[in-house]
>>> print(open('start_38.csv').read())   # CSV, C-alpha atoms
chain,number,residue,atom,x,y,z
A,1336,MET,CA,143.5,119.9,102.2
A,1337,ASP,CA,142.6,123.5,103.0
A,1338,ARG,CA,141.6,122.5,106.6
A,1339,GLU,CA,145.1,121.2,107.5
A,1340,ARG,CA,146.8,124.0,105.5
A,1341,LEU,CA,144.8,126.5,107.6
A,1342,VAL,CA,146.1,125.0,110.9
A,1343,THR,CA,149.7,124.7,109.6
A,1344,SER,CA,149.7,128.2,108.2
A,1345,PHE,CA,148.4,129.6,111.5
A,1346,ALA,CA,151.1,127.7,113.4
A,1347,GLN,CA,153.6,129.3,111.0
A,1348,LEU,CA,152.0,132.8,111.5
A,1349,ASN,CA,151.4,133.1,107.8
A,1350,THR,CA,148.6,135.6,107.7
A,1351,LYS,CA,147.9,135.5,103.9
A,1352,ALA,CA,147.7,131.7,103.8
A,1353,VAL,CA,145.4,131.6,106.8
A,1354,LEU,CA,143.0,134.2,105.3
A,1355,ASP,CA,143.1,132.5,101.9
A,1356,CYS,CA,142.2,129.1,103.4
A,1357,THR,CA,139.5,130.7,105.5
A,1358,ASP,CA,137.9,132.3,102.4
A,1359,ALA,CA,138.2,129.0,100.5
A,1360,LEU,CA,136.6,127.0,103.2
A,1361,LEU,CA,133.8,129.5,103.7
A,1362,ALA,CA,133.1,129.4,100.0
A,1363,SER,CA,133.0,125.6,100.0
A,1364,GLY,CA,130.3,125.7,102.8
A,1365,VAL,CA,132.4,124.6,105.8
A,1366,PRO,CA,130.4,125.5,109.0
A,1367,GLU,CA,131.5,128.4,111.1
A,1368,GLU,CA,132.0,126.3,114.2
A,1369,GLU,CA,134.4,123.9,112.3
A,1370,LEU,CA,136.4,126.9,111.1
A,1371,LEU,CA,136.6,128.3,114.6
A,1372,GLN,CA,137.9,124.9,115.8
A,1373,LEU,CA,140.6,124.9,113.1
A,1374,LEU,CA,141.7,128.4,114.1
A,1375,GLN,CA,141.8,127.3,117.7
A,1376,ARG,CA,144.0,124.3,116.8
A,1377,GLY,CA,146.3,126.7,115.2
A,1378,MET,CA,146.4,129.0,118.2
A,1379,THR,CA,147.1,126.0,120.4
A,1380,LEU,CA,150.1,125.2,118.3
A,1381,VAL,CA,151.3,128.8,118.7
A,1382,ASN,CA,150.9,128.6,122.4
A,1383,ASN,CA,152.8,125.3,122.5
A,1384,SER,CA,155.6,126.9,120.6
A,1385,CYS,CA,155.7,129.7,123.1
A,1386,ALA,CA,155.9,127.2,126.0
A,1387,ALA,CA,158.8,125.5,124.2
A,1388,GLY,CA,160.6,128.8,123.9
A,1389,GLU,CA,160.3,128.9,120.1
A,1390,TYR,CA,157.9,131.8,119.9
A,1391,PHE,CA,157.8,134.9,122.1
A,1392,ILE,CA,155.3,137.7,123.0
A,1393,ALA,CA,155.5,139.4,119.6
A,1394,ASP,CA,154.6,136.1,118.0
A,1395,LEU,CA,151.6,135.8,120.3
A,1396,ILE,CA,150.5,139.3,119.4
A,1397,MET,CA,150.8,138.4,115.7
A,1398,ALA,CA,148.7,135.2,116.3
A,1399,ASN,CA,146.1,137.4,118.0
A,1400,HIS,CA,145.9,139.6,114.9
A,1401,ILE,CA,145.6,136.7,112.6
A,1402,PHE,CA,142.8,135.1,114.7
A,1403,THR,CA,141.0,138.4,114.8
A,1404,GLU,CA,141.2,138.9,111.0
A,1405,ALA,CA,140.0,135.4,110.3
A,1406,ILE,CA,137.1,135.7,112.7
A,1407,ASP,CA,136.1,138.9,110.9
A,1408,ARG,CA,136.0,137.0,107.6
A,1409,ILE,CA,133.9,134.2,109.2
A,1410,THR,CA,131.3,136.4,111.0
A,1411,ARG,CA,131.2,139.4,108.7
A,1412,GLY,CA,127.6,140.7,108.3
A,1413,ARG,CA,126.2,138.3,110.9
A,1414,ALA,CA,126.9,140.0,114.3
A,1415,GLY,CA,124.0,142.0,115.5
A,1416,GLU,CA,121.4,140.4,113.3
A,1417,THR,CA,119.3,139.1,116.2
A,1418,GLY,CA,120.1,141.8,118.7
A,1419,GLU,CA,121.9,141.5,121.9
A,1420,ILE,CA,121.2,138.1,123.6
A,1421,GLY,CA,123.0,138.9,126.8
A,1422,ARG,CA,125.6,141.1,128.5
A,1423,VAL,CA,129.0,139.8,129.6
A,1424,LEU,CA,131.6,141.4,131.8
A,1425,ILE,CA,135.1,140.2,131.3
A,1426,GLY,CA,138.5,140.9,132.8
A,1427,THR,CA,141.8,139.4,133.9
A,1428,VAL,CA,142.5,139.3,137.6
A,1429,GLN,CA,144.6,141.8,139.5
A,1430,GLY,CA,148.3,141.2,139.1
A,1431,ASP,CA,147.9,139.4,135.8
A,1432,ILE,CA,148.5,141.3,132.5
A,1433,HIS,CA,148.1,138.3,130.2
A,1434,ASP,CA,145.1,139.3,128.1
A,1435,ILE,CA,145.3,137.7,124.7
A,1436,GLY,CA,143.0,134.8,125.6
A,1437,LYS,CA,140.5,137.3,127.2
A,1438,ASN,CA,140.6,139.5,124.1
A,1439,LEU,CA,139.8,136.6,121.8
A,1440,ILE,CA,136.9,135.5,124.1
A,1441,GLY,CA,135.6,139.0,123.9
A,1442,LEU,CA,135.8,139.0,120.1
A,1443,LEU,CA,134.0,135.7,119.8
A,1444,LEU,CA,131.3,136.7,122.2
A,1445,ARG,CA,130.7,140.0,120.4
A,1446,ASN,CA,130.4,138.1,117.1
A,1447,SER,CA,127.9,135.8,118.8
A,1448,ASN,CA,125.6,138.8,119.6
A,1449,PHE,CA,126.7,139.3,123.2
A,1450,GLY,CA,127.2,142.8,124.6
A,1451,VAL,CA,130.7,142.7,126.1
A,1452,ILE,CA,132.2,145.0,128.7
A,1453,ASP,CA,135.9,144.5,128.9
A,1454,LEU,CA,137.5,145.7,132.0
A,1455,GLY,CA,141.0,144.9,130.7
A,1456,SER,CA,143.8,143.3,132.7
A,1457,SER,CA,145.0,143.4,136.3
A,1458,VAL,CA,141.4,144.2,137.5
A,1459,PRO,CA,141.0,144.4,141.3
A,1460,PRO,CA,138.2,142.4,142.9
A,1461,GLU,CA,136.5,145.6,144.0
A,1462,ARG,CA,136.4,146.9,140.4
A,1463,PHE,CA,134.8,143.6,139.3
A,1464,CYS,CA,132.2,144.1,142.0
A,1465,SER,CA,131.4,147.7,141.3
A,1466,SER,CA,131.2,147.0,137.6
A,1467,VAL,CA,128.6,144.2,138.3
A,1468,LEU,CA,126.6,146.7,140.2
A,1469,THR,CA,127.0,149.4,137.4
A,1470,TYR,CA,126.3,147.2,134.3
A,1471,ALA,CA,124.1,144.4,135.7
A,1472,PRO,CA,125.6,141.8,133.3
A,1473,ASP,CA,124.2,138.3,132.9
A,1474,LEU,CA,127.7,136.8,133.1
A,1475,LEU,CA,131.1,137.5,134.6
A,1476,ILE,CA,134.1,135.9,132.9
A,1477,VAL,CA,137.3,136.1,134.8
A,1478,SER,CA,140.6,134.9,133.3
A,1479,GLY,CA,144.1,134.3,134.7
A,1480,THR,CA,147.4,132.9,133.5
A,1481,LEU,CA,150.0,133.4,136.1
A,1482,SER,CA,150.5,131.1,139.1
A,1483,GLY,CA,148.7,132.6,142.0
A,1484,SER,CA,146.0,134.3,139.9
A,1485,GLU,CA,143.5,131.7,141.3
A,1486,ILE,CA,143.8,133.4,144.6
A,1487,MET,CA,142.6,136.7,143.2
A,1488,MET,CA,139.8,134.8,141.5
A,1489,ALA,CA,138.7,133.4,144.8
A,1490,ARG,CA,139.0,136.9,146.3
A,1491,THR,CA,136.8,138.4,143.6
A,1492,ILE,CA,134.0,135.9,144.3
A,1493,GLU,CA,134.4,136.7,148.1
A,1494,VAL,CA,133.9,140.4,147.4
A,1495,LEU,CA,130.8,139.7,145.4
A,1496,GLU,CA,129.5,137.5,148.2
A,1497,ASP,CA,130.3,140.2,150.8
A,1498,ALA,CA,128.4,142.8,148.7
A,1499,GLY,CA,125.3,140.4,148.6
A,1500,ILE,CA,125.3,140.2,144.8
A,1501,ARG,CA,127.0,136.9,144.1
A,1502,ASN,CA,123.7,135.2,143.3
A,1503,THR,CA,122.7,137.8,140.8
A,1504,ILE,CA,125.3,136.7,138.2
A,1505,ARG,CA,126.8,133.6,136.7
A,1506,ILE,CA,130.6,133.3,136.9
A,1507,ILE,CA,132.9,131.5,134.5
A,1508,LEU,CA,136.6,131.2,135.3
A,1509,GLY,CA,139.2,130.3,132.8
A,1510,GLY,CA,142.9,130.3,132.1
A,1511,SER,CA,145.9,128.1,132.7
A,1512,CYS,CA,146.2,129.2,136.4
A,1513,ILE,CA,143.2,127.1,137.4
A,1514,ASN,CA,141.3,123.9,136.6
A,1515,GLU,CA,137.6,122.9,136.8
A,1516,ARG,CA,137.8,121.4,140.2
A,1517,GLN,CA,139.5,124.4,141.7
A,1518,ALA,CA,137.0,126.8,139.9
A,1519,LEU,CA,134.0,125.1,141.4
A,1520,MET,CA,135.6,124.8,144.8
A,1521,ILE,CA,136.1,128.6,145.0
A,1522,GLY,CA,132.5,129.2,144.0
A,1523,ALA,CA,132.4,129.7,140.3
A,1524,ASP,CA,129.4,128.4,138.2
A,1525,ALA,CA,131.7,126.9,135.6
A,1526,TYR,CA,135.2,126.6,134.2
A,1527,SER,CA,136.1,127.1,130.6
A,1528,HIS,CA,139.0,125.2,129.0
A,1529,ASP,CA,139.0,126.9,125.6
A,1530,LEU,CA,137.5,129.7,123.4
A,1531,LEU,CA,134.6,127.8,121.8
A,1532,ASP,CA,133.8,126.1,125.1
A,1533,CYS,CA,133.5,129.5,126.8
A,1534,VAL,CA,131.1,130.7,124.1
A,1535,ARG,CA,129.0,127.6,124.4
A,1536,LEU,CA,128.8,128.0,128.2
A,1537,ALA,CA,127.8,131.7,127.8
A,1538,ARG,CA,125.0,130.8,125.5
A,1539,ARG,CA,123.8,128.0,127.8
A,1540,PHE,CA,123.6,130.3,130.7
A,1541,VAL,CA,121.7,133.1,128.9
A,1542,LEU,CA,119.7,130.8,126.6
A,1543,PRO,CA,118.9,127.7,128.7
A,1544,GLU,CA,116.3,126.6,126.1
A,1545,GLU,CA,119.1,125.8,123.6
>>> encode(input="start_38.csv", output="structure tokens")
Amino acid sequence: MDRERLVTSFAQLNTKAVLDCTDALLASGVPEEELLQLLQRGMTLVNNSCAAGEYFIADLIMANHIFTEAIDRITRGRAGETGEIGRVLIGTVQGDIHDIGKNLIGLLLRNSNFGVIDLGSSVPPERFCSSVLTYAPDLLIVSGTLSGSEIMMARTIEVLEDAGIRNTIRIILGGSCINERQALMIGADAYSHDLLDCVRLARRFVLPEE
């Protein structure tokens, strides 16, 4: 089946096979969300291989490129059709330079008609705060991978509270450094466990009628 071949090809970092499967599934009428789920399954397998020491940073970068190209195939011609539905500020916390997950979230949000302001990696709490004041986004999505990054997430929320603007924005935390219970305890509105979940949360916050 092309579905399982797509996942397996992604895990093997076979760009041509992934794109061929994506095109074939699109042509057969497979829904976008199902295709995104298959790509995410492939990305999860790549991450597992990295955790096992079988893949390295170059392989993660390749997986990021494959994911990006496949998303472009899936969403080509659709982004922007309905106008911007909300503005999202994203960034990885200070001291953490792992940004592949954040970059993929930004890609999916842009292709879901969100305006995305990406502050990059290792963003200090004060820069998150000043950017909220500057851009007045609807959502702030903060990611972290390294152990200890949850401390900087908590500090970022504290800085927003001290500035008196915490209640003007919804905050989603994500990444392997934190779980849902911790995210809610330090004052976030929600925790996201994967790419599609994050997009669903973002839409729910800006389009509550959905």
>>> residues_near_point(input="start_38.csv", point="(147.7, 124.6, 137.3)", cutoff="12 Å", atoms="only C-alpha atoms", output="NGL selection string")
:A and (1479-1485 or 1509-1518)
>>> closest_residue(input="start_38.csv", among="A:Ala1489, A:Val1541, A:Val1494, A:Ala1352", to="A:Asn1448", atoms="all atoms listed in the file")
A:Val1541
>>> atom_distance(input="start_38.csv", atom1="atom CA of A:Ala1405", atom2="atom CA of A:Tyr1390")
20.6 Å
>>> closest_residue(input="start_38.csv", among="A:Leu1360, A:Ile1507, A:Ile1401, A:Leu1495", to="A:Ala1346", atoms="all atoms listed in the file")
A:Ile1401
>>> residues_around(input="start_38.csv", residues="A:Phe1463", least_positions_apart="2", cutoff="12 Å", atoms="all atoms listed in the file", output="NGL selection string")
:A and (1423-1429 or 1452-1461 or 1465-1472 or 1474-1477 or 1487-1488 or 1490-1495 or 1498 or 1500-1501 or 1504 or 1506)
>>> closest_residue(input="start_38.csv", among="A:Val1353, A:Leu1374, A:Val1365, A:Ile1435", to="A:Ile1392", atoms="only C-alpha atoms")
A:Ile1435
>>> atom_distance(input="start_38.csv", atom1="atom CA of A:Ala1393", atom2="atom CA of A:Leu1361")
28.7 Å
>>> closest_residue(input="start_38.csv", among="A:Gly1522, A:Pro1366, A:Gly1418, A:Pro1543", to="A:Arg1445", atoms="only C-alpha atoms")
A:Gly1418
>>> residues_around(input="start_38.csv", residues="A:Leu1443", least_positions_apart="2", cutoff="12 Å", atoms="all atoms listed in the file", output="PyMOL selection string")
chain A and resi 1367-1368+1371+1375+1402-1407+1409-1410+1414+1423+1436-1441+1445-1451+1529-1535+1537-1538
>>> closest_residue(input="start_38.csv", among="A:Leu1542, A:Ala1359, A:Leu1508, A:Leu1442", to="A:His1528", atoms="only C-alpha atoms")
A:Leu1508
>>> closest_residue(input="start_38.csv", among="A:Met1520, A:Glu1369, A:Gly1377, A:Ser1384", to="A:Arg1340", atoms="all atoms listed in the file")
A:Gly1377
>>> atom_distance(input="start_38.csv", atom1="atom CA of A:Phe1540", atom2="atom CA of A:His1400")
28.9 Å
>>> decode(input="start_38.csv", residues="stretch 1410-1439 of chain A", atoms="N, CA and C atoms", output="compact mmCIF listing (two decimals), in the first residue's frame")
# COMPACT_ATOMS: atom_id res chain seq x y z
N THR A 1410 -0.26 20.92 0.27
CA THR A 1410 -0.99 22.18 0.49
C THR A 1410 -0.82 23.18 -0.65
N ARG A 1411 -0.15 22.79 -1.70
CA ARG A 1411 0.12 23.72 -2.82
C ARG A 1411 -1.17 24.34 -3.35
N GLY A 1412 -1.18 25.67 -3.43
CA GLY A 1412 -2.34 26.36 -3.97
C GLY A 1412 -3.45 26.62 -2.97
N ARG A 1413 -3.29 26.10 -1.72
CA ARG A 1413 -4.37 26.27 -0.74
C ARG A 1413 -4.08 27.39 0.24
N ALA A 1414 -2.84 27.51 0.68
CA ALA A 1414 -2.52 28.51 1.70
C ALA A 1414 -2.87 29.91 1.22
N GLY A 1415 -3.49 30.68 2.09
CA GLY A 1415 -3.84 32.06 1.79
C GLY A 1415 -5.18 32.23 1.15
N GLU A 1416 -5.88 31.15 0.83
CA GLU A 1416 -7.15 31.26 0.13
C GLU A 1416 -8.20 32.00 0.97
N THR A 1417 -8.19 31.77 2.26
CA THR A 1417 -9.21 32.37 3.13
C THR A 1417 -8.68 33.55 3.92
N GLY A 1418 -7.44 33.97 3.67
CA GLY A 1418 -6.87 35.06 4.43
C GLY A 1418 -6.32 34.57 5.75
N GLU A 1419 -5.61 35.44 6.44
CA GLU A 1419 -4.99 35.09 7.72
C GLU A 1419 -6.05 34.92 8.79
N ILE A 1420 -6.05 33.75 9.44
CA ILE A 1420 -7.06 33.50 10.48
C ILE A 1420 -6.55 33.83 11.87
N GLY A 1421 -5.28 34.05 12.01
CA GLY A 1421 -4.71 34.38 13.31
C GLY A 1421 -3.21 34.57 13.20
N ARG A 1422 -2.64 35.19 14.21
CA ARG A 1422 -1.20 35.45 14.21
C ARG A 1422 -0.55 34.67 15.35
N VAL A 1423 0.54 33.98 15.02
CA VAL A 1423 1.21 33.13 15.99
C VAL A 1423 2.68 33.52 16.10
N LEU A 1424 3.14 33.64 17.34
CA LEU A 1424 4.55 33.90 17.62
C LEU A 1424 5.16 32.58 18.11
N ILE A 1425 6.25 32.14 17.49
CA ILE A 1425 6.86 30.89 17.89
C ILE A 1425 8.35 31.08 18.17
N GLY A 1426 8.89 30.21 19.01
CA GLY A 1426 10.32 30.26 19.30
C GLY A 1426 10.72 29.15 20.25
N THR A 1427 12.01 28.85 20.26
CA THR A 1427 12.59 27.87 21.18
C THR A 1427 13.26 28.63 22.32
N VAL A 1428 13.13 28.11 23.53
CA VAL A 1428 13.57 28.86 24.71
C VAL A 1428 15.08 29.07 24.75
N GLN A 1429 15.47 30.04 25.53
CA GLN A 1429 16.87 30.39 25.70
C GLN A 1429 17.68 29.16 26.15
N GLY A 1430 18.84 28.98 25.51
CA GLY A 1430 19.70 27.86 25.86
C GLY A 1430 19.42 26.60 25.09
N ASP A 1431 18.39 26.62 24.24
CA ASP A 1431 18.00 25.43 23.48
C ASP A 1431 18.03 25.77 21.99
N ILE A 1432 18.88 25.07 21.25
CA ILE A 1432 19.02 25.37 19.82
C ILE A 1432 18.33 24.34 18.94
N HIS A 1433 17.60 23.40 19.54
CA HIS A 1433 16.89 22.39 18.76
C HIS A 1433 15.62 23.01 18.17
N ASP A 1434 15.60 23.18 16.86
CA ASP A 1434 14.49 23.94 16.27
C ASP A 1434 13.78 23.22 15.13
N ILE A 1435 14.10 21.96 14.88
CA ILE A 1435 13.45 21.28 13.75
C ILE A 1435 11.95 21.15 13.99
N GLY A 1436 11.57 20.72 15.19
CA GLY A 1436 10.14 20.62 15.51
C GLY A 1436 9.44 21.95 15.39
N LYS A 1437 10.07 23.00 15.90
CA LYS A 1437 9.49 24.34 15.81
C LYS A 1437 9.33 24.76 14.35
N ASN A 1438 10.33 24.48 13.54
CA ASN A 1438 10.26 24.86 12.12
C ASN A 1438 9.11 24.14 11.41
N LEU A 1439 8.90 22.88 11.74
CA LEU A 1439 7.81 22.13 11.11
C LEU A 1439 6.45 22.65 11.57
